[in-house]
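> Handing you a structure now.
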Amino acid sequence: MRAPLSALVFLMPLVIPAIASAAPATAPSGLPLETITIQTKAGPHAFTVEVAADEESREKGLMYRTAMAPDAGMLFDFHTPQLVSFWMENTVLPLDMLFVRADGTVARIKANATPYSRANIPSGEPVQLVIELNGGRAAELGIIEGAKVQAPNLKSKAR
């Protein structure tokens with residue numbers, strides 16, 4: 001009896017990661033999770049973002065959230081470059097908004113958008129993605145306009 005038990009204990013660490021990696025990556029919100037990388041002063045920095053890629057999820061965004069991990073965020077995918085505008089109605093957290101061109105460069109950063117504000121925050125030019133991070137995070141990491149973003153959503157559209 002000892003041999004099978006020790007074999008089971010030996011194999012268990014190998015089986016558990018395989019089961020965990022088979023689970024789909026989704027957030028508690030039900031949105032898919034992706035890892036993106038943004039160029040910073042110190043080099044590339046990874047973020048785990050929820051992907052809002054349809055009208056309903058983009059409309060809700062991060063409304064009513066009261067906390068977000070430092071390296072978390074939301075990525076709004078518009079699929080094709082277009083002029084977009086955001087506001088902060090019903091959004092509790094101050095956010096940094098990164099407006100990203102289809103080629104993966106940050107076109108504009110709106111730092112520390114004011115919670116609950118109904119003021120329009122325009123992209124200023126056609127963008128494919130908008131990434132929302134915790135307010136002040138872009139400045140803290142040295143993310144600037146012109147920084148490169150690597151995201152699975154941009155692979156087929158990057159120039």
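Labels used: A, B, ... for chains in the order of the structure tokens, numbers from 1 for residues in each chain, and numbers from 1 for ligands as shown.
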Would you list the contacts of Ser123 in chain A as a list in words, taking every protein, DNA or RNA residue within 8 Å and counting only C-alpha atoms, but skipping same-chain residues closer than 3 positions in sequence?
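Here the answer would be Leu83, Val84, Ser85, Phe99, Ala107, Arg108, Pro126 and Val127 of chain A.
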> Would you put the residues from that selection into a file with N, CA and C atoms, as a CSV table (one decimal), in the first residue's frame?

```csv
chain,number,residue,atom,x,y,z
A,83,LEU,N,-12.5,56.9,-33.8
A,83,LEU,CA,-12.5,58.0,-32.7
A,83,LEU,C,-13.4,57.4,-31.6
A,84,VAL,N,-13.0,57.5,-30.4
A,84,VAL,CA,-13.7,57.1,-29.3
A,84,VAL,C,-13.7,58.1,-28.2
A,85,SER,N,-14.7,58.0,-27.3
A,85,SER,CA,-14.8,59.0,-26.2
A,85,SER,C,-15.3,58.2,-24.9
A,99,PHE,N,-4.9,55.5,-24.8
A,99,PHE,CA,-5.5,55.3,-26.1
A,99,PHE,C,-4.4,54.8,-27.1
A,107,ALA,N,-1.2,56.6,-28.2
A,107,ALA,CA,-1.5,57.9,-28.9
A,107,ALA,C,-1.7,59.0,-27.8
A,108,ARG,N,-2.3,58.7,-26.8
A,108,ARG,CA,-2.7,59.7,-25.7
A,108,ARG,C,-2.9,59.0,-24.4
A,126,PRO,N,-8.1,58.3,-34.3
A,126,PRO,CA,-8.6,56.9,-34.4
A,126,PRO,C,-7.6,56.0,-33.6
A,127,VAL,N,-8.2,55.2,-32.7
A,127,VAL,CA,-7.5,54.2,-31.9
A,127,VAL,C,-8.2,52.9,-32.0
```
> Would you list the contacts of Ala138 in chain A as a PyMOL selection string, taking every protein, DNA or RNA residue within 8 Å and counting only C-alpha atoms, but skipping same-chain residues closer than 5 positions in sequence?
chain A and resi 96+111+133+143-144
> For Ala139 in chain A, which residue out of A:Phe47, A:Pro94, A:Ala69, A:Thr40 is the nearest one, using only C-alpha atoms?
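Answer, going by the shortest atom-to-atom distance: A:Thr40.
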> Could you pull out all residues of range 28-125 of chain A with a DSSP call of helix (DSSP H, G or I) and give them as a list in words?
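Assigned to helix (DSSP H, G or I), within range 28-125 of chain A: Glu55, Glu56, Ser57, Arg58, Glu59 and Lys60 of chain A.
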> Do you have the CA of Gln39 in chain A-CA of Gln128 in chain A distance handy?
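A separation of 17.7 Å between them.
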> What does the distance from CA of Ala113 in chain A to CA of Glu132 in chain A come to in Å, to one decimal?
9.9 Å
> Between CA of Thr48 in chain A and CA of Val100 in chain A, what is the spacing in Å?
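Straight-line distance from CA of Val100 in chain A to CA of Thr48 in chain A works out to 16.5 Å.
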> As a ChimeraX atom specification, please: every residue in chain A that DSSP puts in strand (DSSP E or B).
/A:26,32-40,43-52,72-82,85-86,95-100,105-113,121-122,127-134,148-150
> Within 8 Å of range 59-68 of chain A, counting only C-alpha atoms, which residues qualify if same-chain residues fewer than 3 places away don't, as an mmCIF file with N, CA and C atoms, in the first residue's frame?

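Result went into result11.cif, see below:
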```
data_model
loop_
_atom_site.group_PDB
_atom_site.id
_atom_site.type_symbol
_atom_site.label_atom_id
_atom_site.label_comp_id
_atom_site.auth_asym_id
_atom_site.auth_seq_id
_atom_site.Cartn_x
_atom_site.Cartn_y
_atom_site.Cartn_z
ATOM 1 N N ALA A 52 -12.819 43.837 -22.794
ATOM 2 C CA ALA A 52 -14.170 44.256 -23.152
ATOM 3 C C ALA A 52 -14.183 44.453 -24.662
ATOM 4 N N GLU A 55 -20.121 45.591 -27.340
ATOM 5 C CA GLU A 55 -20.770 46.843 -26.914
ATOM 6 C C GLU A 55 -21.187 46.805 -25.443
ATOM 7 N N GLU A 56 -21.784 45.713 -25.008
ATOM 8 C CA GLU A 56 -22.267 45.624 -23.628
ATOM 9 C C GLU A 56 -21.128 45.718 -22.611
ATOM 10 N N ALA A 72 -3.360 45.164 -12.780
ATOM 11 C CA ALA A 72 -4.591 44.754 -13.459
ATOM 12 C C ALA A 72 -5.123 45.938 -14.251
ATOM 13 N N GLY A 73 -6.101 45.680 -15.085
ATOM 14 C CA GLY A 73 -6.726 46.753 -15.847
ATOM 15 C C GLY A 73 -7.805 46.200 -16.744
ATOM 16 N N MET A 74 -8.294 47.048 -17.623
ATOM 17 C CA MET A 74 -9.283 46.637 -18.606
ATOM 18 C C MET A 74 -8.836 47.130 -19.966
ATOM 19 N N MET A 88 -16.492 58.878 -16.938
ATOM 20 C CA MET A 88 -16.273 58.161 -15.687
ATOM 21 C C MET A 88 -17.548 57.993 -14.858
ATOM 22 N N GLU A 89 -18.703 58.188 -15.461
ATOM 23 C CA GLU A 89 -19.952 58.041 -14.722
ATOM 24 C C GLU A 89 -20.019 56.653 -14.072
ATOM 25 N N ASN A 90 -20.383 56.621 -12.805
ATOM 26 C CA ASN A 90 -20.503 55.388 -12.016
ATOM 27 C C ASN A 90 -19.178 54.637 -11.855
ATOM 28 N N THR A 91 -18.070 55.310 -12.102
ATOM 29 C CA THR A 91 -16.753 54.692 -11.929
ATOM 30 C C THR A 91 -16.136 55.246 -10.659
ATOM 31 N N VAL A 92 -15.917 54.366 -9.705
ATOM 32 C CA VAL A 92 -15.463 54.737 -8.367
ATOM 33 C C VAL A 92 -13.968 55.055 -8.331
ATOM 34 N N LEU A 93 -13.176 54.283 -9.089
ATOM 35 C CA LEU A 93 -11.716 54.401 -9.044
ATOM 36 C C LEU A 93 -11.206 55.474 -9.996
ATOM 37 N N ASN A 134 -5.057 51.618 -12.980
ATOM 38 C CA ASN A 134 -5.260 52.424 -11.778
ATOM 39 C C ASN A 134 -4.701 53.820 -11.995
#
```
> Once you count only C-alpha atoms, what closest atom pair and distance in Å to one decimal does each residue of range 16-78 of chain A within 7 Å of range 148-151 of chain A have, with rows by chain and rising residue number, as CSV?

```
residue,atom,partner,partner_atom,distance
A:Ile36,CA,A:Ala151,CA,4.8
A:Thr37,CA,A:Gln150,CA,5.1
A:Ile38,CA,A:Val149,CA,4.5
A:Gln39,CA,A:Lys148,CA,5.4
```
> Would you save the residues from that selection as a short mmCIF file (atom, residue, chain, number, x, y, z; two decimals), in the first residue's frame, using C-alpha atoms?

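Once written, selection-v7.cif looks like this:
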```cif
data_model
loop_
_atom_site.label_atom_id
_atom_site.label_comp_id
_atom_site.auth_asym_id
_atom_site.auth_seq_id
_atom_site.Cartn_x
_atom_site.Cartn_y
_atom_site.Cartn_z
CA ILE A 36 -0.40 42.61 -22.27
CA THR A 37 2.98 44.31 -22.09
CA ILE A 38 3.57 48.05 -22.10
CA GLN A 39 6.98 49.66 -22.57
#
```
> Using only C-alpha atoms, which residue out of A:Ile131, A:Pro122, A:Leu33, A:Arg137 lies closest to Asp77 in chain A?
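Of A:Ile131, A:Pro122, A:Leu33, A:Arg137, the one nearest Asp77 in chain A, counting only C-alpha atoms, is A:Ile131.
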> Could you pull the residues within 10 Å of Asp54 in chain A, counting only C-alpha atoms, minus those fewer than 3 positions along the same chain, as a list of chain:residue names?
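The neighbour list is A:Val51, A:Ser57, A:Arg58, A:Glu59, A:Phe76, A:Asp77, A:Phe78, A:His79.
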